[in-house]
Structures are given as C-alpha cells and as structure tokens.
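Undergrad: So that we are looking at the same thing, I have put the structure below in structure tokens.
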Amino acid sequence: MKKLLAVLLLLAVAFSVFACGTTKAVANFEVPEGGYDGSDVTITFYHTMGSNLSTVLAAYIEEFNKLYPNIHIEHTQVGSYDDVRNQISTEITADAQPNIAYCYPDHVALYNLSGKVVTLDNLIDSNLTVTRADGTTEILGLTDAQKDDFIEGYYNEGRQFGDGLMYTMPFSKSTEVLYYNKTFFDANGLSVPKTWEEMEALCAKILTINPNCIPLGYDSEANWFITMCEQYKSDYTSASGEHYLFDNATNKDFIKMFREWYQKGYITTQQLYGGYTSGLFVADTGINSYMSIGSSAGATHQRPTANADGSYPFEVGIATIPQVDESNKKVISQGPSVCIFNSDNPQEVVASWLFVKYLTTSVEFQAEFSMASGYVPVIKSVSENETYANFIASADGGNYISALSAKICLEQEEAYYTSPAFNGSSTARDQVGSLLVKCLSAEATDVNAMIDKAFKDAIDECEY
C-alpha cells in the first residue's frame, strides 16, 4: 500500500508538471564553473547495510574526510532495497529525498517520474582540477584508466534507461551461479554442465542414481526467464517504444521445454518448492537436490551445516550457470548501484559525486567491502590487491565458500548483462516469473493453448 501511494503521488507530480506545459525531465547536470569549491555541505546517503558493513563504510568515510573535511556524510540504513525505494518515493514528492541512495534500475525509473535523479555524464567527463585538504589534486571526473577499470557489464547498467545517459554508478554486485554437490559429482563421475542441453542429460542421469531427489533447484523464476531471453537473443523488454516484447515463439519454446523438465521431476523453483532452493540443496533428508542456481552473494547459505568436528557433509562446487550457446555467454548482473539526487545547491551534487567516485574507484574499499559482504567488487584492479588476492587464493567449497563464489564471478566478467529500465520494468519481472511458475505446474490438456494464454495474460497485466 505504501508503494502504491508513493507511485500515485509521483504520477500526480508528473501529471501536474506536464499539465503546466513544462517538464522536469532531467537535463545533463551542469557542473559549476569551479567544480567543488570547498563548501561546507552535508550529504545524506540511504543504504541497506547491516552493522558489519556500516562499520566498513564508516572507516572509509573517515578516510574520505581526510581529503574533503568539509563534506559531511550522514549515512542511514533503511531496511531492505524495497524499503529504500518506498521511503524515497514518498520523500521525493516533498523534495525531501537524500543526496545519494542504493538503487536498482527500476527504482531509478520510478524516481525519474519527478525528474530528480542527476545524470552523471558531465561529472564523469569533467577535467576540472580539485584540490584536496592534503594538498594533492585530482580531476573531478573519471580518468580513462578508471573508466576502463570498471567491469563493463556493471558500469553499463547505468545507461539502461533508453536515452543513453548515465544515471547510476555500480557499488557492489552479485550474479547467479551454479552450486553443485562436488562430493556427489566426483563419486559418480559426473561433469558440471556447461549448456542447458548437458543439464537436461545430467538431470536424467542423476535421477537414475537417486530416484527420490530433485536434481536442480532454481531460486529466481524471473531471472531464469530473462536470462534465457538473453541467451537465446530473443526479445524481452525495451526502454523505449513498445515496452513488453516477451510474447514470442522462442520464449514459448523454452518455457515448454522447462515444463517438460518439471513434469519429469528434473527441476523445481523457489515458488514451486515453497522456499529458497538452497534449503533443498543442503538438506540432510531423503529428498534433496544436487544442484542449485542462486545468488553469488548467498554462498554461505548453499553450504551444509558443519559436523561436530568442523568438517562438512559434502564439498560444494561453484560454476557458471549453463548456457544456450557458449559463444554467447550471458549471466545476470544484480546488486546495488548508487544514484545521486538533484539539489538546489549544486555543490551538494558535486560533493555527492566525489564521495561516490571515492567509494567506487577505491581498490581498498572495494576489496574490504567485498570480503565483508559476499558481493563482488565492481573494479578489476581489486584482483591486484594483496589482501584480496589472498582472500581469493583461499577459495574452497567449505570455510571459504564466499571466496570461491567471488572467484567465479570475477572469471565471468564478460558475460554480464542488465535489462532495460523503465517505469514498469519491475512489473515485467514479476509477470514473467509468475508466468514461468504457472506454465511449469498447470494442468492442461492443450499445453500450447495454456502457454499462449499465460503469455497473453502476462502482457495484459504489464500494460494494465
């Protein structure tokens, strides 16, 4: 209800703006002539960090203030990502939003109804010199080396809004990976599947070994559908023109294929299972799974409870998710980015940018935050950090499973994709996830007709 009210308020603001014959559509932020002038400003930052991550952040705020003592950072933990979105959606109607916030692309698309998110292109490209408190200098924007250091898929997420402008910077990221019971695989001579075709054959073989199991669990139905669109190069959505494009023959074919898998007992999903499929993967009951596709940031939840002697019932392996075609590898990019909101005082915007730039380009911060959070860094040079290199070197399927997860994520950096972001993109996610569940589990004498109707209904819901 709070989210609905916030959206209605934003729509009211947008309507009143257009009704008056003017628009608040964001222009590319104009950097003040002198860049940052040393003004005494207070910057508010909304995020979802718990106490351990807030401690890491506070330490680096202290380091940042050695360089910029007049930029005061007040950071606030605001529940979940949805809580951040809902609070800002309410505050933005009264022009009381924070300066910086954790965000997902669909959050930014919602905020943009009122035109309050700053576009970052002029800040990124600025060559103005900024003098820091210790006498050293830096350019306000990003150097070519800093731009190139970002993992491309993470960085490009900021431009997925249909106009080619940069609205967000990547902060820390996760993706999906394939967790598998390495002990079971080794004992039975099984190979990790690289394609969905290999996955189908593997699931059938696992059922001959243990007829009471469900070989594979997939946590996010929406991610699964969208990833298959990317891997098949089929349409999903567009940020401009006609938004909802997923009702097509290719997508219906893979849904029909996965329905057959489900009917054969090869797979389950979070909604079909009734909980995260990691619970099935680590289960010590007679019915369990031997593979689980889930978030890379949740690696510790994919590890079974340790025995009394500290050993684990089985060793966990981690691999890239299967692909349709290994020449077109696609894996979803998730995890928080940050956006900057407009202010009547442009110095607040510039100061906010300096802080965002500091956190997203600092090798030390990115390394420490990754090790503490389970998320992966957004810049490649972190791998050269000695502490982080030692962390990755410790990777295993037991005590250091988070390091193993991060290692796999870094190895597949060229495969990451993000979906177009627009007001309604989150609805599309919800609908394709529900569509997949319905098509897999529905009783139907005419499967094709059932699938056709499910796709049509999902499109209708999106457009409604």
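All residue names refer to the structure tokens as shown: chains lettered A, B, ... in order, residues numbered from 1 in each chain, ligands numbered from 1 in order.
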Determine, counting only C-alpha atoms, which protein, DNA and RNA residues have an atom within 7 Å of an atom of A:Phe369; residues of the same chain fewer than 4 positions away are not included. Present the result as a list of chain:residue names.

TA: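 Counting only C-alpha atoms, the residues come to A:Leu53, A:Val56, A:Phe365, A:Ser373.
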
Undergrad: With C-alpha atoms retained, write the just-selected residues as a PDB file, in the first residue's frame.

TA:
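Final output, saved to out-v1.pdb:
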ATOM      1  CA  LEU A  53      29.107  -3.287   6.558  1.00  0.00           C
ATOM      2  CA  VAL A  56      33.422  -0.710   6.925  1.00  0.00           C
ATOM      3  CA  PHE A 365      37.235  -0.078  -0.071  1.00  0.00           C
ATOM      4  CA  SER A 373      29.600  -8.670   2.320  1.00  0.00           C
TER       5      SER A 373
END

Undergrad: Using DSSP secondary structure from the backbone, list all alpha helix (DSSP H) positions within stretch 240-423 of chain A, as a PyMOL selection string.

TA: chain A and resi 249-263+270-273+278-281+346-361+363-373+386-393+401-411

Undergrad: Would you export the selected residues with C-alpha atoms as an mmCIF file, in the first residue's frame, please?

TA:
data_model
loop_
_atom_site.group_PDB
_atom_site.id
_atom_site.type_symbol
_atom_site.label_atom_id
_atom_site.label_comp_id
_atom_site.auth_asym_id
_atom_site.auth_seq_id
_atom_site.Cartn_x
_atom_site.Cartn_y
_atom_site.Cartn_z
ATOM 1 C CA ALA A 249 7.736 -18.078 -30.223
ATOM 2 C CA THR A 250 11.303 -18.505 -28.942
ATOM 3 C CA ASN A 251 10.314 -17.741 -25.363
ATOM 4 C CA LYS A 252 7.300 -20.030 -25.541
ATOM 5 C CA ASP A 253 9.523 -22.844 -26.777
ATOM 6 C CA PHE A 254 11.935 -22.684 -23.835
ATOM 7 C CA ILE A 255 9.025 -22.432 -21.400
ATOM 8 C CA LYS A 256 7.539 -25.560 -22.947
ATOM 9 C CA MET A 257 10.910 -27.310 -22.652
ATOM 10 C CA PHE A 258 11.252 -26.446 -18.962
ATOM 11 C CA ARG A 259 7.680 -27.554 -18.342
ATOM 12 C CA GLU A 260 8.664 -30.980 -19.656
ATOM 13 C CA TRP A 261 11.655 -30.953 -17.298
ATOM 14 C CA TYR A 262 9.425 -30.107 -14.362
ATOM 15 C CA GLN A 263 6.938 -32.807 -15.262
ATOM 16 C CA GLN A 270 11.545 -21.112 -5.195
ATOM 17 C CA GLN A 271 7.801 -20.652 -5.632
ATOM 18 C CA LEU A 272 7.165 -24.261 -6.592
ATOM 19 C CA TYR A 273 9.306 -25.557 -3.730
ATOM 20 C CA SER A 278 19.251 -23.770 -1.132
ATOM 21 C CA GLY A 279 17.190 -25.450 1.591
ATOM 22 C CA LEU A 280 16.713 -28.434 -0.692
ATOM 23 C CA PHE A 281 20.378 -28.392 -1.719
ATOM 24 C CA PRO A 346 24.865 22.259 -6.948
ATOM 25 C CA GLN A 347 27.783 21.926 -4.506
ATOM 26 C CA GLU A 348 25.839 19.140 -2.796
ATOM 27 C CA VAL A 349 25.637 17.294 -6.102
ATOM 28 C CA VAL A 350 29.353 17.731 -6.802
ATOM 29 C CA ALA A 351 30.251 16.684 -3.244
ATOM 30 C CA SER A 352 27.984 13.637 -3.565
ATOM 31 C CA TRP A 353 29.760 12.717 -6.787
ATOM 32 C CA LEU A 354 33.197 12.996 -5.157
ATOM 33 C CA PHE A 355 32.083 10.590 -2.431
ATOM 34 C CA VAL A 356 30.531 8.129 -4.906
ATOM 35 C CA LYS A 357 33.664 8.311 -7.039
ATOM 36 C CA TYR A 358 35.833 7.636 -3.975
ATOM 37 C CA LEU A 359 33.932 4.500 -2.939
ATOM 38 C CA THR A 360 33.527 3.035 -6.411
ATOM 39 C CA THR A 361 37.137 3.558 -7.531
ATOM 40 C CA VAL A 363 40.640 -0.580 -4.511
ATOM 41 C CA GLU A 364 40.921 -0.824 -0.729
ATOM 42 C CA PHE A 365 37.235 -0.078 -0.071
ATOM 43 C CA GLN A 366 36.001 -2.354 -2.829
ATOM 44 C CA ALA A 367 38.211 -5.190 -1.566
ATOM 45 C CA GLU A 368 37.243 -4.855 2.084
ATOM 46 C CA PHE A 369 33.538 -4.405 1.321
ATOM 47 C CA SER A 370 33.552 -7.495 -0.882
ATOM 48 C CA MET A 371 35.215 -9.663 1.741
ATOM 49 C CA ALA A 372 32.776 -8.468 4.408
ATOM 50 C CA SER A 373 29.600 -8.670 2.320
ATOM 51 C CA GLU A 386 47.357 -8.343 -1.913
ATOM 52 C CA THR A 387 44.745 -8.831 0.795
ATOM 53 C CA TYR A 388 42.030 -9.571 -1.724
ATOM 54 C CA ALA A 389 44.321 -11.820 -3.766
ATOM 55 C CA ASN A 390 44.975 -13.850 -0.624
ATOM 56 C CA PHE A 391 41.221 -13.966 0.013
ATOM 57 C CA ILE A 392 40.573 -15.363 -3.475
ATOM 58 C CA ALA A 393 43.506 -17.788 -3.115
ATOM 59 C CA ILE A 401 32.967 -20.625 0.001
ATOM 60 C CA SER A 402 32.364 -16.855 -0.300
ATOM 61 C CA ALA A 403 35.851 -16.511 -1.786
ATOM 62 C CA LEU A 404 35.087 -19.303 -4.247
ATOM 63 C CA SER A 405 31.872 -17.547 -5.262
ATOM 64 C CA ALA A 406 33.695 -14.242 -5.804
ATOM 65 C CA LYS A 407 36.377 -16.031 -7.834
ATOM 66 C CA ILE A 408 33.781 -17.451 -10.238
ATOM 67 C CA CYS A 409 32.084 -14.056 -10.548
ATOM 68 C CA LEU A 410 35.327 -12.341 -11.481
ATOM 69 C CA GLU A 411 36.141 -15.015 -14.060
#

Undergrad: List every residue of stretch 169-266 of chain A that DSSP, applied to the backbone of this structure, places in strand (DSSP E or B), and write the result as a ChimeraX atom specification.

TA: /A:169-170,173-174,176-181,195,216-218,237,244

Undergrad: Which residues, written as a count of residues only, have at least one atom at most 7 Å from A:Ser296, with only C-alpha atoms counted and residues fewer than 6 positions away on the same chain left out?

TA: 5

Undergrad: I need the residue nearest A:Pro420 from this list: A:Ala239, A:Cys213, A:Met228, A:Ile124. Use only C-alpha atoms for the distance.

TA: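 Ranked by minimum distance to A:Pro420, first place goes to A:Ala239.
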
Undergrad: Quick one: residues within 8 Å of A:Ile43, only C-alpha atoms counted, chain neighbours fewer than 6 positions away excluded, as a VMD selection string?

TA: chain A and resid 71 to 74 98 to 100 348 351 to 352

Undergrad: In Å, with one decimal, what is the gap from atom CA of A:Thr305 to atom CA of A:Asn210?

TA: 21.8 Å

Undergrad: Could you tell me how far atom CA of A:Asp446 lies from atom CA of A:Thr269, in Å and to one decimal?

TA: 23.2 Å

Undergrad: Rounded to one decimal in Å, what is the spacing between atom CA of A:Leu165 and atom CA of A:Asn28?

TA: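 Going from atom CA of A:Leu165 over to atom CA of A:Asn28, I get 7.8 Å.
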
Undergrad: Can you work out which one of A:Asn112, A:Asn212, A:Thr268, A:Asn328 has the shortest atom-to-atom distance to A:Asn288, counting only C-alpha atoms?

TA: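 Closest to A:Asn288, using only C-alpha atoms: A:Asn212.
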
Undergrad: With only C-alpha atoms as the basis for distance, which of A:Gln323, A:Thr300, A:Ser362, A:Thr418 is at the shortest distance from A:Phe150?

TA: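 Among the listed residues, A:Ser362 lies closest to A:Phe150.
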
Undergrad: Do you know which residues are at most 9 Å from stretch 181-193 of chain A counting only C-alpha atoms, after dropping those on the same chain fewer than 6 positions away, and could you put them as a count of residues only?

TA: 22

Undergrad: Which residues are near A:Leu140? Cut-off 8 Å, only C-alpha atoms, ignore same chain within fewer than 2 positions. Put them as a list of chain:residue names.

TA: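 So the residues in contact are A:Gly35, A:Leu123, A:Ile124, A:Ser126, A:Asn127, A:Leu128, A:Thr129, A:Val130, A:Glu138, A:Leu142, A:Leu354.
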
Undergrad: Residues at most 10 Å from A:Ile151, counting only C-alpha atoms, excluding those fewer than 3 positions away in the same chain, as a PyMOL selection string?

TA: chain A and resi 147-148+154-156+170+377-381+410+413-414+416
